[in-house]
Amino acid sequence: MQLYTRSAGTGIPVVLLHAFPLSSAMWLAQREGLARACRVVTPDLRGFGGSRLGADEPSLDLMADDVAALLDEEGIDRAVVGGLSMGGYVTMAFCRRHPDRVMGVILADTKASPDPPPAQENRERIARAVLEDGSEVLIRDVLPALIGRTTRERRAMVFGRVRGLVQSAPPQAAAWAQRAMARRPASFETLAGLKVPALVVVGEEDELSPLADAEAMAQAVPEGRLEVIPKAGHLSAVEQPEAFNAAVLGFLNSELGGEARSHG
């Protein structure tokens, strides 16, 4: 599976995996703001953006293996791997399956706990609805929770941009990804076993993966640090890109300064 990828910058490779049901287009401000410090690699996960879906059964492990294959294609041995929301789930699967390829981890607005049965049932409901009626269910049931109160009230252009990205999600990919996420295991053991530093980021107004989830992940990781992004909801990197980028740059400089210079 070849993933369509947008990249920018040089230096230490930082792979950023997008949220559901968006694409790597969501990382525009990260490609622009982080490129002076590192090599930002932002793939479209399978089925989204410019990447094909394929005929495989829904699986986050498969999505993680796609990312490992992308590193091979890009000639990258080890990278900082991070993701937001669904991208965070794929990141944890990547850490489980390809630990030797990770030099640092970024987990934004995501959680290490599995879906309880009601959440699994809701994902299946959305998967069926999107296959039957297209993106209408995503606009109605998914979009409102993606952004925080401040963005809804004060940043109409950001809300409009996110709405456009949600609307353009291919129905087959959206259903596939919902089913993949519904099957994910707990990842606390994976986090506890990390041998590399980790940055956990959460929007102050995130209701889907609130602060308690972020704190639990940061505590599970041997070398974890937590950054709370003010006036941001679930899509903290899109809603408050300057603060998000500052958190990532601070992490890279303090935790991976030597690594970053050796890749320069």
# chains A, B, ... in the order shown; residues from 1 in each chain; ligands from 1
call {"tool": "residues_around", "arguments": {"residues": "A:Leu84", "least_positions_apart": "6", "cutoff": "9 Å", "atoms": "only C-alpha atoms", "output": "PyMOL selection string"}}
result
chain A and resi 16-20+91+106-110+201+234-237
call {"tool": "residues_around", "arguments": {"residues": "A:Gly54", "least_positions_apart": "6", "cutoff": "9 Å", "atoms": "only C-alpha atoms", "output": "PyMOL selection string"}}
result
chain A and resi 1+46-47
call {"tool": "closest_residue", "arguments": {"among": "A:Arg123, A:Arg149, A:Ser135, A:Gly82", "to": "A:Gly104", "atoms": "only C-alpha atoms"}}
result
A:Gly82
call {"tool": "select_by_dssp", "arguments": {"residues": "stretch 80-150 of chain A", "states": "helix (DSSP H, G or I)", "output": "MDAnalysis selection string"}}
result
chainID A and resid 86:97 99:101 117:133 136:146 149:150
call {"tool": "residues_around", "arguments": {"residues": "stretch 214-223 of chain A", "least_positions_apart": "2", "cutoff": "10 Å", "atoms": "only C-alpha atoms", "output": "MDAnalysis selection string"}}
result
chainID A and resid 104 107:113 187:203 209:212 225:228 255
call {"tool": "atom_distance", "arguments": {"atom1": "atom CA of A:Pro43", "atom2": "atom CA of A:Asp65"}}
result
12.8 Å
call {"tool": "select_by_dssp", "arguments": {"residues": "stretch 122-239 of chain A", "states": "strand (DSSP E)", "output": "list in words"}}
result
Ala198, Leu199, Val200, Val201, Val202, Gly203, Gly224, Arg225, Leu226, Glu227, Val228 and Ile229 of chain A
call {"tool": "closest_residue", "arguments": {"among": "A:Ser85, A:Gln120, A:Ser23, A:Thr150", "to": "A:Gln178", "atoms": "only C-alpha atoms"}}
result
A:Gln120
call {"tool": "atom_distance", "arguments": {"atom1": "atom CA of A:Arg39", "atom2": "atom CA of A:Gly87"}}
result
18.1 Å
call {"tool": "residues_around", "arguments": {"residues": "stretch 166-175 of chain A", "least_positions_apart": "2", "cutoff": "10 Å", "atoms": "only C-alpha atoms", "output": "PDB file with C-alpha atoms, in the first residue's frame"}}
result
ATOM      1  CA  PHE A  20     -10.581  10.810  11.473  1.00  0.00           C
ATOM      2  CA  PRO A  21     -12.146  11.599   9.032  1.00  0.00           C
ATOM      3  CA  LEU A  22      -9.600  14.115   7.710  1.00  0.00           C
ATOM      4  CA  SER A  23      -6.427  13.795   5.627  1.00  0.00           C
ATOM      5  CA  LEU A  45      -3.735   7.072   5.857  1.00  0.00           C
ATOM      6  CA  ARG A  46      -5.227   4.368   3.656  1.00  0.00           C
ATOM      7  CA  GLY A  47      -8.464   5.348   1.964  1.00  0.00           C
ATOM      8  CA  PHE A  48      -8.164   9.048   2.827  1.00  0.00           C
ATOM      9  CA  GLY A  49      -6.893  11.920   0.677  1.00  0.00           C
ATOM     10  CA  SER A  51      -4.213   7.023  -0.662  1.00  0.00           C
ATOM     11  CA  ARG A  52      -6.074   3.934  -1.868  1.00  0.00           C
ATOM     12  CA  LEU A  53      -8.152   1.870   0.564  1.00  0.00           C
ATOM     13  CA  GLY A  54      -7.425  -1.626  -0.755  1.00  0.00           C
ATOM     14  CA  PRO A  58     -10.254  -2.996   8.859  1.00  0.00           C
ATOM     15  CA  ARG A 123     -18.891   3.434  15.420  1.00  0.00           C
ATOM     16  CA  GLU A 124     -20.735   0.621  13.622  1.00  0.00           C
ATOM     17  CA  ARG A 125     -23.838   2.828  13.356  1.00  0.00           C
ATOM     18  CA  ILE A 126     -21.772   5.604  11.771  1.00  0.00           C
ATOM     19  CA  ALA A 127     -20.017   3.134   9.455  1.00  0.00           C
ATOM     20  CA  ARG A 128     -23.357   1.848   8.136  1.00  0.00           C
ATOM     21  CA  ALA A 129     -24.858   5.318   7.841  1.00  0.00           C
ATOM     22  CA  VAL A 130     -21.907   6.727   5.903  1.00  0.00           C
ATOM     23  CA  LEU A 131     -22.059   3.832   3.441  1.00  0.00           C
ATOM     24  CA  GLU A 132     -25.795   4.378   2.952  1.00  0.00           C
ATOM     25  CA  ASP A 133     -26.021   8.174   2.932  1.00  0.00           C
ATOM     26  CA  GLY A 134     -22.513   9.564   2.425  1.00  0.00           C
ATOM     27  CA  SER A 135     -20.924  12.276   4.547  1.00  0.00           C
ATOM     28  CA  GLU A 136     -24.190  13.572   6.031  1.00  0.00           C
ATOM     29  CA  VAL A 137     -23.762  11.505   9.218  1.00  0.00           C
ATOM     30  CA  LEU A 138     -20.174  12.735   9.589  1.00  0.00           C
ATOM     31  CA  ILE A 139     -21.277  16.372   9.381  1.00  0.00           C
ATOM     32  CA  VAL A 142     -18.803  13.667  14.092  1.00  0.00           C
ATOM     33  CA  LEU A 143     -17.974  17.253  13.122  1.00  0.00           C
ATOM     34  CA  LEU A 146     -14.085  17.749  16.632  1.00  0.00           C
ATOM     35  CA  GLY A 160     -15.326  25.956   7.769  1.00  0.00           C
ATOM     36  CA  ARG A 161     -12.016  24.391   6.801  1.00  0.00           C
ATOM     37  CA  VAL A 162     -12.587  21.387   9.078  1.00  0.00           C
ATOM     38  CA  ARG A 163     -16.125  21.001   7.765  1.00  0.00           C
ATOM     39  CA  GLY A 164     -14.775  20.892   4.211  1.00  0.00           C
ATOM     40  CA  ALA A 177     -11.608   3.379   9.715  1.00  0.00           C
ATOM     41  CA  GLN A 178     -14.531   3.401  12.176  1.00  0.00           C
ATOM     42  CA  ARG A 179     -14.489  -0.405  12.226  1.00  0.00           C
ATOM     43  CA  ALA A 180     -10.717  -0.471  12.620  1.00  0.00           C
TER      44      ALA A 180
END
call {"tool": "residues_around", "arguments": {"residues": "A:Ala145", "least_positions_apart": "5", "cutoff": "10 Å", "atoms": "only C-alpha atoms", "output": "mmCIF file with N, CA, C and O atoms, in the first residue's frame"}}
result
data_model
loop_
_atom_site.group_PDB
_atom_site.id
_atom_site.type_symbol
_atom_site.label_atom_id
_atom_site.label_comp_id
_atom_site.auth_asym_id
_atom_site.auth_seq_id
_atom_site.Cartn_x
_atom_site.Cartn_y
_atom_site.Cartn_z
ATOM 1 N N ARG A 140 -23.167 15.655 10.719
ATOM 2 C CA ARG A 140 -24.148 15.773 11.802
ATOM 3 C C ARG A 140 -23.614 15.249 13.139
ATOM 4 O O ARG A 140 -23.780 15.893 14.179
ATOM 5 N N ASP A 206 -11.046 19.729 24.733
ATOM 6 C CA ASP A 206 -11.307 18.451 24.058
ATOM 7 C C ASP A 206 -12.284 17.627 24.881
ATOM 8 O O ASP A 206 -11.995 17.265 26.017
ATOM 9 N N GLU A 207 -13.442 17.331 24.295
ATOM 10 C CA GLU A 207 -14.447 16.517 24.990
ATOM 11 C C GLU A 207 -14.409 15.058 24.552
ATOM 12 O O GLU A 207 -14.935 14.189 25.242
ATOM 13 N N LEU A 208 -13.788 14.773 23.401
ATOM 14 C CA LEU A 208 -13.706 13.387 22.917
ATOM 15 C C LEU A 208 -12.591 12.611 23.618
ATOM 16 O O LEU A 208 -12.751 11.441 23.954
ATOM 17 N N GLY A 233 -10.007 22.454 21.066
ATOM 18 C CA GLY A 233 -10.759 21.234 21.307
ATOM 19 C C GLY A 233 -9.982 20.022 20.823
ATOM 20 O O GLY A 233 -8.771 19.922 21.014
ATOM 21 N N HIS A 234 -10.690 19.098 20.156
ATOM 22 C CA HIS A 234 -10.101 17.814 19.767
ATOM 23 C C HIS A 234 -9.041 17.979 18.676
ATOM 24 O O HIS A 234 -8.081 17.216 18.623
ATOM 25 N N LEU A 235 -9.200 18.952 17.801
ATOM 26 C CA LEU A 235 -8.224 19.157 16.716
ATOM 27 C C LEU A 235 -7.243 20.265 17.105
ATOM 28 O O LEU A 235 -7.136 21.294 16.442
#
